[in-house]
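S.K.: Pasting in a structure now, in structure tokens, and then I'll have a few things to ask.
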Amino acid sequence: MAYPLRALAALLLALPLAQAAVPTPLAGARPNIIFIITDDQGYGDLSAHGNPVLRTPHLDRLHREGVRFTDFHVSPTCAPTRAALLTGRHEFKNGITHTILERERLAPGAVTVAEILREAGYRTGIFGKWHLGDEPELWPSRRGFDEMFIHGAGGIGQTYPGSCGDAPGNTYFNPAILHNGRFVRTTGYCTDVFFGRAMAWMGEVGRDRPFFAWIATNAPHAPLDARPEDEARYTGKVPDANTAKYFGMIANIDDNVGRLLERLDTLGIARDTLVVFMNDNGGTIGTRLFNAGMRGSKGSPWVGGTRASSLWRWPARLQPADVPALTAHLDFLPTLAELAGAPLDARTRAQVEGRSLVPLLTDPAAPWAERTLFTHVGRWPVGTSPDEWKYRSCSVRDPRWQLISLDGGRAPAWQLFDLRADPGQEQDVAARHPEVVAALQRRFDDWWAAARPLMVNEGATGPKVNPFKELYWQQFGGGPSAEDLRRMDPVAFAAQQQQAGARKGAKKAK
């Protein structure tokens with residue numbers, strides 16, 4: 001009898017090991033969540049995606065150790081993508097049809113993933129770019145984020161008429177950053193500053209509750225302003241100085257991802273932290289060198305304008321794998337909500353158009369129903385009806401086909417591409433498949449009809465002074481320069497110049 005007892009004991013001892021090797025359900029697992037999103041870095045701007053010059057070892061590590069969504073799509077430009085990520089619905093239905101001129105402001109009634117996670121007990125923080133409204137009532141601190149450390153507008157130093165503008169005089173080095181409603185003057189390069197504050201906050205929030213950190217770099221968006229030592233890494237290795245600066249800015253992002261992963265190890269939370277990396281739209285400068293075989297770039301409805309990296313690393317729960325299913329930014333909110341164990345209320349369920357990626361994170365071959373995605377670049381001229389631009393720079397996408405209209409208006413100018421046979425989108429097959437064109441157009445028309453009433457920012461007017469600038473001057477003193485005034489209020493600037501000219505003429509006449 002001794003032998004069977006020993007065998008049974010050995011079997012019992014082995015059971016925990018066997019169970020530990022089996023992935024446990026992800027729903028309600030409540031990991032810490034770190035979301036990193038870069039600005040104007042393309043899918044091809046990673047060495048893991050085949051870039052022949054750029055080296056990104058730490059992003060490659062996320063790629064190597066995580067779940068990789070290989071057909072993941074975002075919007076063609078930055079504010080739209082951020083709106084869809086935060087809300088789970090298309091940017092037009094959030095009121096966002098541009099990146100400036102009051103049309104970048106997230107609709108006040110939209111529910112955000114930060115609100116959902118905070119309600120579920122998460123601490124929430126945003127570090128870097130917001131770009132969904134610079135007026136105080138639209139700040140991330142009013143949209144679910146406990147900790148707010150952001151620049152204004154769509155980029156550091158940007159200024160446009162109305163509400164969209166950053167603190168005066170800001171550059172990528174030593175920028176003034178809005179921290180929980182007050183400006184702080186920082187020291188260092190912007191990307192280092194954002195990651196540094198995010199990592200400090202992670203150490204401050206404690207471990208009694210999970211956290212959600214949204215780290216949004218404004219790099220490598222233009223102006224191409226890299227640290228000299230980062231630019232030097234690529235000087236002479238690429239065709240021009242701009243590409244060297246651009247790659248240097250990405251190399252700095254990669255270094256900071258490495259610092260972040262080390263910090264998680266130091267805090268002892270690496271295994272229980274989900275790190276997600278994405279870029280916000282198609283590539284820009286780097287596409288001159290490498291675009292992963294895709295047609296198009298930022299600001300276009302081609303695959304090269306919307307395909308993005310989507311890397312999900314969670315050492316305790318996720319096995320590295322490629323997921324080929326057609327997925328999108330719309331899926332981000334429902335995925336994080338399910339991971340956090342946060343059921344969506346009726347209002348949010350009605351808002352969300354995406355679907356949870358949890359089944360694919362668990363099993364890359366899990367059933368995934370066919371779907372249709374809609375892209376529209378928007379950005380039509382102020383004062384014109386959106387309907388005049390309905391079929392301009394738009395596309396309809398399902399797992400096989402992409403229907404694109406570049407030059408249409410009220411009427412379409414469709415081209416059709418079979419992405420399975422022609423991933424580079426070189427051959428228009430619309431004439432061969434009129435039934436596909438007709439079916440996809442019907443879907444697009446239905447989508448437009450649903451989106452059109454929700455474009456709430458059309459015709460909106462903003463304040464005469466950028467809120468960030470006004471707050472900065474209140475805090476530190478000073479006032480608008482001639483250039484500030486010209487950008488913020490061209491009419492007032494013209495009147496001021498006219499008055500100055502009249503005074504000068506009167507003085508000369510005396």
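Lettering and numbering for the structure tokens are positional, with chains as A, B, ... in the shown order, residues counted from 1 in each chain, and ligands counted from 1 in the shown order.
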Just list the residues in range 170-199 of chain A DSSP gives alpha helix (DSSP H) on the backbone, as a PyMOL selection string.

M.R.: chain A and resi 190-199

S.K.: Can you tell me which residues surround range 172-189 of chain A at a distance of at most 8 Å, considering only C-alpha atoms, apart from same-chain residues fewer than 3 positions away, and format the answer as a ChimeraX atom specification?

M.R.: /A:141,147-151,156-157,167,192-193,225,227,472,475

S.K.: If we count only C-alpha atoms, what is near Leu106 in chain A at a cut-off of 8 Å, once residues fewer than 4 positions away on the same chain are taken out, given as a list in words?

M.R.: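 Everything that qualifies: Ala83, Asn94, Gly95, Ile96, Ala110, Leu132, Gly133 and Leu138 of chain A.
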
S.K.: When distances are computed from only C-alpha atoms, which of A:Val275, A:Tyr234, A:Thr97, A:Ala84 shows the smallest separation from Phe35 in chain A?

M.R.: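 The shortest atom-to-atom distance to Phe35 in chain A comes from A:Val275.
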
S.K.: Which one of A:Leu260, A:Ile250, A:Leu267, A:Ala114 sits closest to Gly196 in chain A if you count only C-alpha atoms?

M.R.: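 Residue with the minimum atom-to-atom distance to Gly196 in chain A: A:Leu260.
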
S.K.: Quick one: contact table of range 256-297 of chain A to range 39-44 of chain A, 7 Å max, nearest atom pair and distance in Å to one decimal per residue, counting only C-alpha atoms, chain and number order, as CSV?

M.R.:
```
residue,atom,partner,partner_atom,distance
A:Asn279,CA,A:Gln41,CA,5.8
A:Asp280,CA,A:Asp39,CA,5.7
A:Asn281,CA,A:Asp40,CA,6.1
A:Gly282,CA,A:Gly42,CA,4.9
A:Gly283,CA,A:Gly42,CA,3.4
A:Thr284,CA,A:Asp40,CA,6.2
A:Phe290,CA,A:Gly44,CA,6.1
A:Asn291,CA,A:Gly44,CA,4.9
A:Ala292,CA,A:Gly44,CA,5.2
```
